[in-house]
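The file upload-v6.cif contains mmCIF, C-alpha atoms and all ligand atoms:
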```cif
data_my_file
#
loop_
_atom_site.label_atom_id
_atom_site.label_comp_id
_atom_site.auth_asym_id
_atom_site.auth_seq_id
_atom_site.Cartn_x
_atom_site.Cartn_y
_atom_site.Cartn_z
CA MET O 1 83.24 88.94 62.02
CA ARG O 2 83.45 92.46 63.32
CA PRO O 3 82.12 93.12 66.83
CA GLN O 4 78.58 94.45 66.96
CA PRO O 5 77.26 96.78 69.64
CA PRO O 6 75.21 95.01 72.32
CA GLU O 7 71.59 94.81 71.19
CA ILE O 8 70.40 96.07 74.52
CA LEU O 9 71.88 99.46 73.57
CA ILE O 10 69.92 99.58 70.33
CA ASN O 11 66.62 98.00 71.30
CA GLU O 12 66.13 98.28 75.04
CA TYR O 13 67.88 101.37 76.31
CA VAL O 14 66.04 103.61 73.90
CA GLY O 15 66.08 107.11 75.35
CA ILE O 16 68.26 105.95 78.25
CA ASP O 17 71.78 107.28 77.87
CA TYR O 18 74.25 104.48 78.23
CA PHE O 19 77.87 103.51 77.66
CA ILE O 20 79.15 99.94 77.50
CA PRO O 21 82.86 99.10 77.42
CA SER O 22 83.94 96.67 74.72
CA PRO O 23 87.05 94.59 75.36
CA GLU O 24 86.14 92.55 72.25
CA LEU O 25 86.47 95.69 70.14
CA GLU O 26 89.97 96.30 71.43
CA GLU O 27 90.90 92.72 70.67
CA TRP O 28 89.36 92.89 67.22
CA ALA O 29 91.05 96.21 66.32
CA ARG O 30 94.37 94.86 67.54
CA LYS O 31 94.02 91.68 65.49
CA THR O 32 92.70 93.49 62.43
CA PHE O 33 94.92 96.56 62.14
CA LEU O 34 97.96 96.00 64.37
CA ASP O 35 98.80 92.34 63.75
CA ASP O 36 101.18 92.14 60.81
CA GLU O 37 99.67 88.82 59.76
CA SER O 38 96.30 90.48 59.16
CA PRO O 39 95.31 91.37 55.59
CA LEU O 40 94.16 94.76 56.92
CA HIS O 41 97.36 95.37 58.89
CA ASN O 42 98.37 99.03 58.82
CA PRO O 43 101.97 99.78 59.88
CA ASP O 44 100.96 103.42 60.50
CA HIS O 45 99.52 102.24 63.82
CA ALA O 46 102.67 100.40 64.97
CA HIS O 47 103.17 102.76 67.92
CA LEU O 48 99.84 101.51 69.28
CA LEU O 49 101.08 97.95 69.82
CA GLN O 50 101.90 98.90 73.40
CA ALA O 51 98.88 101.12 73.90
CA HIS O 52 95.89 100.27 76.03
CA ILE O 53 92.87 101.54 74.15
CA GLY O 54 89.53 101.46 75.90
CA TYR O 55 86.57 101.17 73.52
CA LEU O 56 83.06 102.29 74.42
CA TRP O 57 79.78 101.78 72.64
CA THR O 58 77.19 104.43 73.31
CA ASN O 59 73.59 105.10 72.35
CA VAL O 60 73.88 108.77 73.27
CA PRO O 61 73.34 110.76 70.08
CA ASN O 62 76.15 113.22 69.46
CA SER O 63 76.52 115.97 66.92
CA LYS O 64 78.75 118.88 66.22
CA GLY O 65 77.92 121.74 63.89
CA MET O 66 74.73 120.01 62.65
CA ARG O 67 76.60 116.83 61.74
CA ALA O 68 76.22 113.49 63.42
CA VAL O 69 79.27 112.23 65.28
CA ALA O 70 79.94 108.51 64.85
CA GLY O 71 83.16 108.31 66.84
CA THR O 72 85.68 110.17 68.95
CA ALA O 73 89.18 109.50 70.24
CA GLU O 74 90.59 111.00 73.41
CA ILE O 75 93.23 110.68 76.06
CA PRO O 76 91.32 110.33 79.31
CA SER O 77 91.77 113.32 81.57
CA PHE O 78 90.38 113.88 85.01
CA ARG O 79 89.26 117.24 86.23
CA GLY O 80 87.71 118.71 89.29
CA ALA O 81 88.16 118.48 93.04
CA LYS O 82 89.54 115.39 94.72
CA TRP O 83 86.35 113.35 94.90
CA GLN O 84 85.21 114.31 91.42
CA LYS O 85 88.54 113.29 89.98
CA HIS O 86 88.65 110.00 91.82
CA ARG O 87 85.08 109.20 90.87
CA GLN O 88 86.06 109.60 87.21
CA LEU O 89 89.20 107.51 87.73
CA MET O 90 87.15 104.78 89.36
CA GLN O 91 84.72 104.75 86.46
CA MET O 92 87.56 104.20 83.98
CA GLN O 93 89.05 101.50 86.15
CA GLU O 94 85.75 99.68 86.39
CA TRP O 95 85.24 99.88 82.65
CA PHE O 96 88.73 99.03 81.46
CA GLY O 97 90.58 97.46 84.39
CA ALA O 98 93.10 100.31 84.37
CA ILE O 99 93.31 103.84 83.04
CA PRO O 100 93.71 103.39 79.28
CA ASP O 101 96.06 105.45 77.12
CA PHE O 102 93.17 106.30 74.82
CA VAL O 103 89.41 106.03 74.85
CA ILE O 104 87.59 105.52 71.56
CA THR O 105 83.83 105.98 71.72
CA LEU O 106 81.61 104.71 68.91
CA ASP O 107 77.96 105.39 68.16
CA ALA O 108 76.20 102.05 68.59
CA ASN O 109 73.31 102.85 66.26
CA TYR O 110 75.59 103.99 63.44
CA CYS O 111 77.90 101.01 63.83
CA PHE O 112 74.97 98.59 63.98
CA GLU O 113 73.74 99.71 60.58
CA THR O 114 76.83 100.61 58.61
CA SER O 115 78.84 98.40 56.26
CA ASP O 116 81.98 96.51 57.27
CA THR O 117 84.06 98.88 55.16
CA ASN O 118 82.63 102.01 56.76
CA PHE O 119 83.06 100.48 60.17
CA CYS O 120 86.73 99.69 59.49
CA ALA O 121 87.30 103.18 58.08
CA LEU O 122 85.71 104.73 61.17
CA VAL O 123 87.80 102.69 63.62
CA GLU O 124 90.98 103.39 61.67
CA HIS O 125 90.10 107.06 61.45
CA GLU O 126 89.90 107.16 65.25
CA LEU O 127 93.13 105.15 65.52
CA TYR O 128 94.87 107.75 63.37
CA HIS O 129 94.03 110.31 66.06
CA CYS O 130 95.86 108.12 68.61
CA ALA O 131 99.40 109.24 67.91
CA GLN O 132 102.82 109.12 69.46
CA ALA O 133 104.24 112.46 70.56
CA LEU O 134 107.37 113.71 68.75
CA ASP O 135 110.45 115.30 70.27
CA GLU O 136 112.09 118.52 69.05
CA PHE O 137 113.87 116.58 66.29
CA GLY O 138 110.64 115.03 65.05
CA GLU O 139 111.53 111.64 66.50
CA PRO O 140 108.95 109.53 68.35
CA LYS O 141 109.00 110.26 72.06
CA PHE O 142 109.36 107.58 74.72
CA ASN O 143 109.02 107.66 78.47
CA ALA O 144 112.62 107.30 79.69
CA ALA O 145 111.58 105.35 82.79
CA THR O 146 109.17 102.87 81.22
CA ASP O 147 110.35 102.90 77.60
CA ARG O 148 106.72 103.14 76.56
CA PRO O 149 105.68 105.60 73.83
CA ILE O 150 104.37 108.96 74.99
CA TYR O 151 100.97 109.35 73.42
CA THR O 152 99.10 112.35 72.16
CA ILE O 153 95.93 113.12 70.24
CA LYS O 154 96.65 114.31 66.76
CA ASP O 155 94.55 116.12 64.24
CA HIS O 156 94.86 114.60 60.85
CA ASP O 157 97.75 115.91 58.82
CA VAL O 158 98.24 115.25 55.14
CA THR O 159 100.13 112.02 55.68
CA GLU O 160 97.37 110.56 57.80
CA PHE O 161 94.66 111.49 55.38
CA ILE O 162 96.65 109.89 52.59
CA GLY O 163 96.75 106.74 54.68
CA VAL O 164 92.98 106.69 55.09
CA VAL O 165 92.34 107.59 51.46
CA ALA O 166 94.77 105.00 50.16
CA ARG O 167 92.98 102.37 52.19
CA TYR O 168 89.34 103.38 51.93
CA GLY O 169 89.00 105.83 49.05
CA ILE O 170 88.43 109.53 48.68
CA GLY O 171 84.93 109.37 50.20
CA SER O 172 86.45 108.62 53.56
CA VAL O 173 87.69 112.17 54.09
CA ALA O 174 85.58 115.28 53.99
CA ASN O 175 88.18 117.65 52.62
CA GLY O 176 89.11 115.13 49.99
CA ILE O 177 89.96 117.50 47.16
CA ALA O 178 93.42 118.25 48.54
CA PHE O 179 94.23 114.58 48.54
CA VAL O 180 93.14 113.57 45.08
CA GLU O 181 96.63 112.37 44.31
CA ALA O 182 96.43 109.61 46.88
CA ALA O 183 92.99 108.66 45.69
CA ASN O 184 94.07 108.26 42.09
CA SER O 185 95.50 104.92 42.94
CA GLU O 186 92.86 102.28 43.64
CA PRO O 187 91.91 102.13 47.29
CA LEU O 188 93.35 99.14 49.07
CA ILE O 189 90.18 98.14 50.86
CA ALA O 190 87.23 99.41 48.75
CA HIS O 191 85.07 102.46 48.95
CA ALA O 192 84.15 103.87 52.32
CA ASP O 193 82.06 106.90 53.03
CA ILE O 194 83.03 108.21 56.42
CA SER O 195 81.85 111.67 55.56
CA LYS O 196 83.00 113.77 58.45
CA MET O 197 81.51 111.71 61.21
CA CYS O 198 84.30 112.06 63.72
CA GLY O 199 83.80 114.24 66.76
CA ASN O 200 87.48 115.17 66.84
CA CYS O 201 87.44 116.43 63.27
CA LEU O 202 84.15 118.29 63.18
ZN ZN Z 301 88.67 112.57 63.21
#
```

Please express what this file holds, its structure, as structure tokens.
Amino acid sequence: MRPQPPEILINEYVGIDYFIPSPELEEWARKTFLDDESPLHNPDHAHLLQAHIGYLWTNVPNSKGMRAVAGTAEIPSFRGAKWQKHRQLMQMQEWFGAIPDFVITLDANYCFETSDTNFCALVEHELYHCAQALDEFGEPKFNAATDRPIYTIKDHDVTEFIGVVARYGIGSVANGIAFVEAANSEPLIAHADISKMCGNCL
């Protein structure tokens, strides 16, 4: 069973802007997409095995260019004067126990209503934004001191879109025409319709 947003977000906090961290979503995404025993395992996300991803549900409606945003992926950054910065740091720490490498925020109302396939396509779409930085030779970059990957947020390139299309079908990308080739083979997971609902992509 996929994790559902807390009902309080959908039914009670109507009109009250709220964010709720979801450790169960991180566990589920890890088990579903990163674990090589999982039927939905996707080796494209292998660099995320060591990543701490903080997931948030929100009931705050978001849109960009007239289109609803169902999810975003970001590397947390802290701006402002000393107290502002530390207030933001403290918030992250309270939510996630530490400062995560990435924060993925999902629209609770959309996720509550959508199909399992769309939900998986949305989470994977956001995971595809969570990339490992490359060095000048195009090799994955690691932190020399900790040996951990150096992470970055990536816009989708052709390869990534092919990954999503191959798994969820051509409906899962907005600019699908360029990627018809990948879609000609049967999608691995079934048809998903994540029609441009990502805040990073809009
Ligand atoms: Zn996106």

> Which value, in Å to one decimal, gives the distance between CA of Asn11 in chain O and CA of Met90 in chain O?
Replying inline: 28.2 Å

>> Show me which residues are within 9 Å of ligand ZN 301 (chain Z) counting only C-alpha atoms and all ligand atoms, and format the list as an MDAnalysis selection string.
In response: chainID O and resid 71:73 122 125:129 154:156 196:202

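Of the listed residues (O:Asn42, O:Thr58, O:Thr32, O:Thr117), O:Thr58 comes nearest to Ala70 in chain O; the distances count only C-alpha atoms.
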
> What is the distance between CA of Val164 in chain O and CA of Ala29 in chain O, in Å to one decimal?
Replying inline: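 Going from CA of Val164 in chain O over to CA of Ala29 in chain O covers 15.5 Å.
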
> Within 9 Å of (101.4, 101.4, 76.5), in the coordinates the file gives, what residues turn up when you count all atoms listed in the file, written out as a ChimeraX atom specification?
Replying inline: /O:47-53,100-101,148-151

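Shortest atom-to-atom contact with Asp135 in chain O among O:Thr105, O:Thr152, O:Thr114, O:Gln93: O:Thr152, counting all atoms listed in the file.
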
>> Using all atoms listed in the file, can you tell me which of O:Ile162, O:Ile16, O:Ala121, O:Ala68 comes closest to Phe33 in chain O?
In response: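 Residue with the minimum atom-to-atom distance to Phe33 in chain O: O:Ala121.
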
> CA of Val60 in chain O and CA of Pro6 in chain O, how far apart in Å?
Replying inline: 13.9 Å

> Could you name the residues that touch Leu40 in chain O at 12 Å or less, counting all atoms listed in the file, but leaving out those on the same chain fewer than 4 positions away, as a PyMOL selection string?
Replying inline: chain O and resi 28-36+44-45+117+120-121+124+167-168+188-190

Export of the given selection (C-alpha atoms) as a short mmCIF file (atom, residue, chain, number, x, y, z; two decimals), in the frame of the given file:
```
data_model
loop_
_atom_site.label_atom_id
_atom_site.label_comp_id
_atom_site.auth_asym_id
_atom_site.auth_seq_id
_atom_site.Cartn_x
_atom_site.Cartn_y
_atom_site.Cartn_z
CA TRP O 28 89.36 92.89 67.22
CA ALA O 29 91.05 96.21 66.32
CA ARG O 30 94.37 94.86 67.54
CA LYS O 31 94.02 91.68 65.49
CA THR O 32 92.70 93.49 62.43
CA PHE O 33 94.92 96.56 62.14
CA LEU O 34 97.96 96.00 64.37
CA ASP O 35 98.80 92.34 63.75
CA ASP O 36 101.18 92.14 60.81
CA ASP O 44 100.96 103.42 60.50
CA HIS O 45 99.52 102.24 63.82
CA THR O 117 84.06 98.88 55.16
CA CYS O 120 86.73 99.69 59.49
CA ALA O 121 87.30 103.18 58.08
CA GLU O 124 90.98 103.39 61.67
CA ARG O 167 92.98 102.37 52.19
CA TYR O 168 89.34 103.38 51.93
CA LEU O 188 93.35 99.14 49.07
CA ILE O 189 90.18 98.14 50.86
CA ALA O 190 87.23 99.41 48.75
#
```

Counting all atoms listed in the file, select every polymer residue within 10 Å of (93.1, 103.8, 79.1) as defined in the file's coordinates, and provide the selection as a CSV table (one decimal) with C-alpha atoms, keeping the file's coordinate frame.
```
chain,number,residue,atom,x,y,z
O,51,ALA,CA,98.9,101.1,73.9
O,52,HIS,CA,95.9,100.3,76.0
O,53,ILE,CA,92.9,101.5,74.2
O,54,GLY,CA,89.5,101.5,75.9
O,55,TYR,CA,86.6,101.2,73.5
O,74,GLU,CA,90.6,111.0,73.4
O,75,ILE,CA,93.2,110.7,76.1
O,76,PRO,CA,91.3,110.3,79.3
O,77,SER,CA,91.8,113.3,81.6
O,92,MET,CA,87.6,104.2,84.0
O,93,GLN,CA,89.0,101.5,86.2
O,95,TRP,CA,85.2,99.9,82.6
O,96,PHE,CA,88.7,99.0,81.5
O,97,GLY,CA,90.6,97.5,84.4
O,98,ALA,CA,93.1,100.3,84.4
O,99,ILE,CA,93.3,103.8,83.0
O,100,PRO,CA,93.7,103.4,79.3
O,101,ASP,CA,96.1,105.4,77.1
O,102,PHE,CA,93.2,106.3,74.8
O,103,VAL,CA,89.4,106.0,74.8
O,104,ILE,CA,87.6,105.5,71.6
```

> Pick from O:Trp57, O:Gln91, O:Gly138, O:Arg2: nearest to Asn118 in chain O, with all atoms listed in the file counted?
Replying inline: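 Closest residue, counting all atoms listed in the file: O:Arg2.
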
>> Which residue is closest to Asp107 in chain O? Choose from O:Ala166, O:Leu134, O:Val123, O:Ala144 and count only C-alpha atoms.
In response: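 With only C-alpha atoms as the atom set, the closest residue is O:Val123.
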
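Nearest to Phe19 in chain O of all the residues O:Pro5, O:Arg87, O:Ala133, O:Pro140 is O:Pro5, counting all atoms listed in the file.
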